[in-house]
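A.B. asks: One structure follows; several queries about it will come next.
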Amino acid sequence: MMKLNIRSVMLFLAVIGPGLITANVDNDAGGIATFSVAGARFGYALLWTLIPITILLAMTQEMCARMGAVTGKGLSDLIRENFGIRMTVFIMIGLVLANFSVTVAEFAGIAAAAHIFGVSKYLVIPLVVFITSFFIIRSNYKTLEKIFLIMILFYGTYVVSAFMAKPDWGEVLQATVVPSFTLSAPYLFLLVGLIGTNITPWMQFFLQSTIVEKGIKEEDYKYSRIEVWLGSIMTNAVSFFIIVTCAVTLFAAGVYITDAGDAAAALEPVAGRYASLLFAIGLFGAALFGAMILPLSTAFSVTEGMGWENGLNKNFKGAPEYYTIFLVLLIGSALLVLAPGIPLIKVMLVSQVINGLLLPFILIPMLLLTSNKALMGKHANSKLFNAVAWTGCILVVILALLLTVLTLFPNIGFA
């Protein structure tokens with residue numbers, strides 16, 4: 001029995017990577033901004049949403065991991081083969097536009113964090129682009145996976161920040177398990193935003209591609225499933241501590257913020273210099289993580305969808321389109337943030353709109369594919385899983401579209 005347990009642990013450690021990396025990158029600059037504003041604006045009132053969000057996220061990610069392990073193909077590949085080239089091209093165009101906008105937001109987060117440390121963005125951003133390009137092009141998947149897993153440690157700063165803020169943990173626990181709801185536009189916008197920042201189109205493509213890239217097979221899938229759930233819990237635990245930190249400090253002090261950079265700066269007078277610096281370090285790490293992963297995810301998605309060579313285990317000559325797409329998104333996003341007078345808020349809002357409109361075209365094919373017994377065999381969705389998953393999918397789609405409407409028409413009022 002002991003040998004079996006040790007073997008199981010070793011197999012689990014061997015598959016670790018795709019699930020943890022994908023889920024944690026979800027707490028990027030945009031995600032941190034959303035959770036910071038949620039805590040600063042409504043205190044603990046939105047903490048309860050993290051429980052159903054975690055379940056929805058895990059179920060969504062689990063389907064992609066399962067498809068990758070069973071079929072050995074990426075999501076773009078399967079969409080092209082099962083739904084045709086036209087739909088694939090439509091999805092790829094939307095995905096490129098959305099991911100470009102989100103990558104711009106990542107570089108904006110890097111610039112905001114650098115500003116807090118008194119360093120010019122004109123120094124930091126080119127340095128980030130150079131280092132990122134060098135490591136992505138010169139390294140293989142195994143090496144980069146280790147780097148990405150180490151970068152997850154940046155999120156620990158938010159846990160420390162929350163404890164430094166000294167919240168009443170009894171109140172925190174009550175708000176986490178007892179739902180509360182306010183029918184107002186700002187509350188609804190943030191409620192939808194919390195879901196929108198957790199379940200995004202790029203994640204599904206990236207997770208499935210890296211499952212295939214890592215070579216995880218059908219027989220190893222049960223360990224990947226554990227990792228996917230663990231990653232979903234970890235990322236929303238971080239979200240939990242971000243909300244708590246901003247609730248106990250900024251909400252209590254009545255401080256108004258609009259993004260994560262504001263949150264890091266505003267923490268200093270109410271929670272101390274160290275809490276502010278920790279928050280800024282977390283923002284920098286998360287934004288850097290996202291700036292590396294989003295262009296990679298886009299490169300994976302587009303090259304798979306078009307049937308081109310791809311993968312971090314290939315060099316530039318072996319997969320020129322793959323690395324070209326990566327570099328264009330990385331460098332283009334950085335230049336946009338460095339350009340004076342660029343309306344970054346509008347760019348970020350555009351990414352929310354595109355993601356909201358694109359999500360139904362990703363989730364519905366995913367559910368159809370994972371329910372296909374000819375494709376998935378014994379690993380196809382069960383009736384119970386489908387009932388829960390379709391309900392969650394419909395809810396997420398409705399909320400994503402609602403977020404799109406609220407973004408386009410922010411003056412809509414609610415009774």
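Residues are named by chain letter and number: chains run A, B, ... in the order of the structure tokens, numbers start at 1 in each chain, and ligands are numbered from 1 in the order shown.
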Go through segment 264-363 of chain A and flag each residue having an atom no more than 12 Å from segment 367-380 of chain A; for those, report the closest pair of atoms plus their distance in Å to one decimal, using only C-alpha atoms, ordered by chain and rising number, as JSON lines.
C.D. replies:
{"residue": "A:Pro360", "atom": "CA", "partner": "A:Leu367", "partner_atom": "CA", "distance": 10.6}
{"residue": "A:Phe361", "atom": "CA", "partner": "A:Leu367", "partner_atom": "CA", "distance": 10.7}
{"residue": "A:Ile362", "atom": "CA", "partner": "A:Leu367", "partner_atom": "CA", "distance": 8.9}
{"residue": "A:Leu363", "atom": "CA", "partner": "A:Leu367", "partner_atom": "CA", "distance": 6.3}
A.B. asks: Do a neighbour search on segment 134-151 of chain A at 8 Å with only C-alpha atoms, toss out local chain neighbours closer than 3 positions, and write the hits as a compact mmCIF listing (two decimals) with C-alpha atoms, in the first residue's frame.
C.D. replies:
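Produced file around29.txt, reproduced below:
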# COMPACT_ATOMS: atom_id res chain seq x y z
CA GLY A 17 2.12 22.32 -14.33
CA LEU A 20 -1.73 25.31 -11.64
CA ILE A 21 -0.16 27.70 -14.16
CA PHE A 130 13.68 41.44 -23.89
CA ILE A 131 13.91 38.91 -21.04
CA PHE A 154 4.43 36.03 -6.18
CA GLU A 213 2.60 19.79 -24.97
CA LYS A 214 3.49 18.13 -21.67
CA GLY A 285 4.53 39.41 -10.61
CA PHE A 289 3.08 36.28 -15.56
CA GLY A 311 5.13 24.29 -29.42
CA LEU A 312 7.78 25.45 -27.00
CA ASN A 313 9.82 22.33 -27.75
CA LYS A 314 10.37 23.56 -31.32
CA ASN A 315 12.81 26.31 -32.31
CA PHE A 316 12.02 29.40 -34.40
CA TYR A 323 6.92 32.48 -32.45
A.B. asks: For Gly84 of chain A, which residue out of A:Val119, A:Ala112, A:Met306, A:Leu277 is the nearest one, using only C-alpha atoms?
C.D. replies: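 The shortest atom-to-atom distance to Gly84 of chain A comes from A:Met306.
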A.B. asks: Do a neighbour search on Pro126 of chain A at 12 Å with only C-alpha atoms, toss out local chain neighbours closer than 2 positions, and write the hits as a PDB file with C-alpha atoms, in the first residue's frame.
C.D. replies:
ATOM      1  CA  PHE A 107       1.867  45.803 -19.369  1.00  0.00           C
ATOM      2  CA  ILE A 110       3.695  46.301 -14.863  1.00  0.00           C
ATOM      3  CA  ALA A 111       3.961  50.054 -15.464  1.00  0.00           C
ATOM      4  CA  SER A 120      10.257  54.439 -15.085  1.00  0.00           C
ATOM      5  CA  LYS A 121       8.061  52.262 -17.295  1.00  0.00           C
ATOM      6  CA  TYR A 122      10.345  53.208 -20.195  1.00  0.00           C
ATOM      7  CA  LEU A 123      13.070  51.188 -18.478  1.00  0.00           C
ATOM      8  CA  VAL A 124      11.051  48.312 -17.045  1.00  0.00           C
ATOM      9  CA  VAL A 128      10.554  42.732 -19.564  1.00  0.00           C
ATOM     10  CA  VAL A 129      10.021  42.329 -23.319  1.00  0.00           C
ATOM     11  CA  PHE A 130      13.675  41.436 -23.888  1.00  0.00           C
ATOM     12  CA  ILE A 131      13.910  38.912 -21.041  1.00  0.00           C
ATOM     13  CA  THR A 132      10.542  37.331 -21.877  1.00  0.00           C
ATOM     14  CA  SER A 133      11.388  36.998 -25.578  1.00  0.00           C
ATOM     15  CA  LEU A 330       4.220  40.852 -26.865  1.00  0.00           C
ATOM     16  CA  ILE A 331       6.012  43.746 -28.556  1.00  0.00           C
ATOM     17  CA  GLY A 332       2.841  45.380 -29.907  1.00  0.00           C
ATOM     18  CA  SER A 333       1.218  45.414 -26.448  1.00  0.00           C
ATOM     19  CA  ALA A 334       4.330  46.868 -24.848  1.00  0.00           C
ATOM     20  CA  LEU A 335       4.627  49.631 -27.456  1.00  0.00           C
ATOM     21  CA  LEU A 336       0.991  50.581 -26.961  1.00  0.00           C
ATOM     22  CA  VAL A 337       1.517  51.067 -23.218  1.00  0.00           C
ATOM     23  CA  LEU A 338       4.681  53.075 -23.831  1.00  0.00           C
TER      24      LEU A 338
END
A.B. asks: Apply DSSP to the backbone of this structure and, from segment 98-286 of chain A, keep only the residues in helix (DSSP H, G or I); write these as number ranges by chain.
C.D. replies: A: 98-116, 121-138, 141-164, 169-177, 185-198, 201-214, 218-253, 260-271, 273-286
A.B. asks: Using only C-alpha atoms, find the one residue out of A:Gly356, A:Gly290, A:Gly254, A:Pro201 that sits nearest to Leu75 of chain A.
C.D. replies: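 Among the listed residues, A:Pro201 lies closest to Leu75 of chain A.
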A.B. asks: In Å to one decimal, how far is atom CA of Val212 of chain A from atom CA of Gly72 of chain A?
C.D. replies: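 Between atom CA of Gly72 of chain A and atom CA of Val212 of chain A the gap is 5.5 Å.
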A.B. asks: Distance atom CA of Lys217 of chain A-atom CA of Pro320 of chain A, one decimal place?
C.D. replies: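 Computed distance, atom CA of Lys217 of chain A to atom CA of Pro320 of chain A, equals 27.1 Å.
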A.B. asks: Excluding same-chain residues fewer than 3 positions from Ser76 of chain A, what lies within 8 Å of it counting only C-alpha atoms, as a PyMOL selection string?
C.D. replies: chain A and resi 79-80+88+205+301-302+304-305
A.B. asks: Since we have the selection now, will you write its residues out, keeping C-alpha atoms, as a PDB file, in the first residue's frame?
C.D. replies:
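Below you can see result09.pdb, which holds the result:
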ATOM      1  CA  ILE A  79     -12.994  22.980 -33.099  1.00  0.00           C
ATOM      2  CA  ARG A  80     -11.594  23.100 -36.653  1.00  0.00           C
ATOM      3  CA  THR A  88     -12.431  28.476 -36.265  1.00  0.00           C
ATOM      4  CA  PHE A 205      -7.044  27.013 -25.160  1.00  0.00           C
ATOM      5  CA  SER A 301      -4.534  28.775 -30.362  1.00  0.00           C
ATOM      6  CA  VAL A 302      -4.005  30.343 -33.766  1.00  0.00           C
ATOM      7  CA  GLU A 304      -3.457  24.910 -33.868  1.00  0.00           C
ATOM      8  CA  GLY A 305      -6.550  26.347 -35.533  1.00  0.00           C
TER       9      GLY A 305
END
A.B. asks: Report as a list of chain:residue names all protein, DNA and RNA residues lying within 6 Å of segment 47-56 of chain A, evaluated on only C-alpha atoms, omitting residues in the same chain fewer than 2 positions from it.
C.D. replies: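 Near neighbours after the sequence-gap exclusion: A:Tyr44, A:Ala45, A:Ala58, A:Met59, A:Thr176, A:Val177, A:Pro179, A:Ser232.
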A.B. asks: In terms of the shortest atom-to-atom distance over only C-alpha atoms, which of A:Ile199, A:Leu46, A:Ile6, A:Leu329 is closest to Val172 of chain A?
C.D. replies: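 Looking only at the distances to Val172 of chain A, the closest residue turns out to be A:Leu46.
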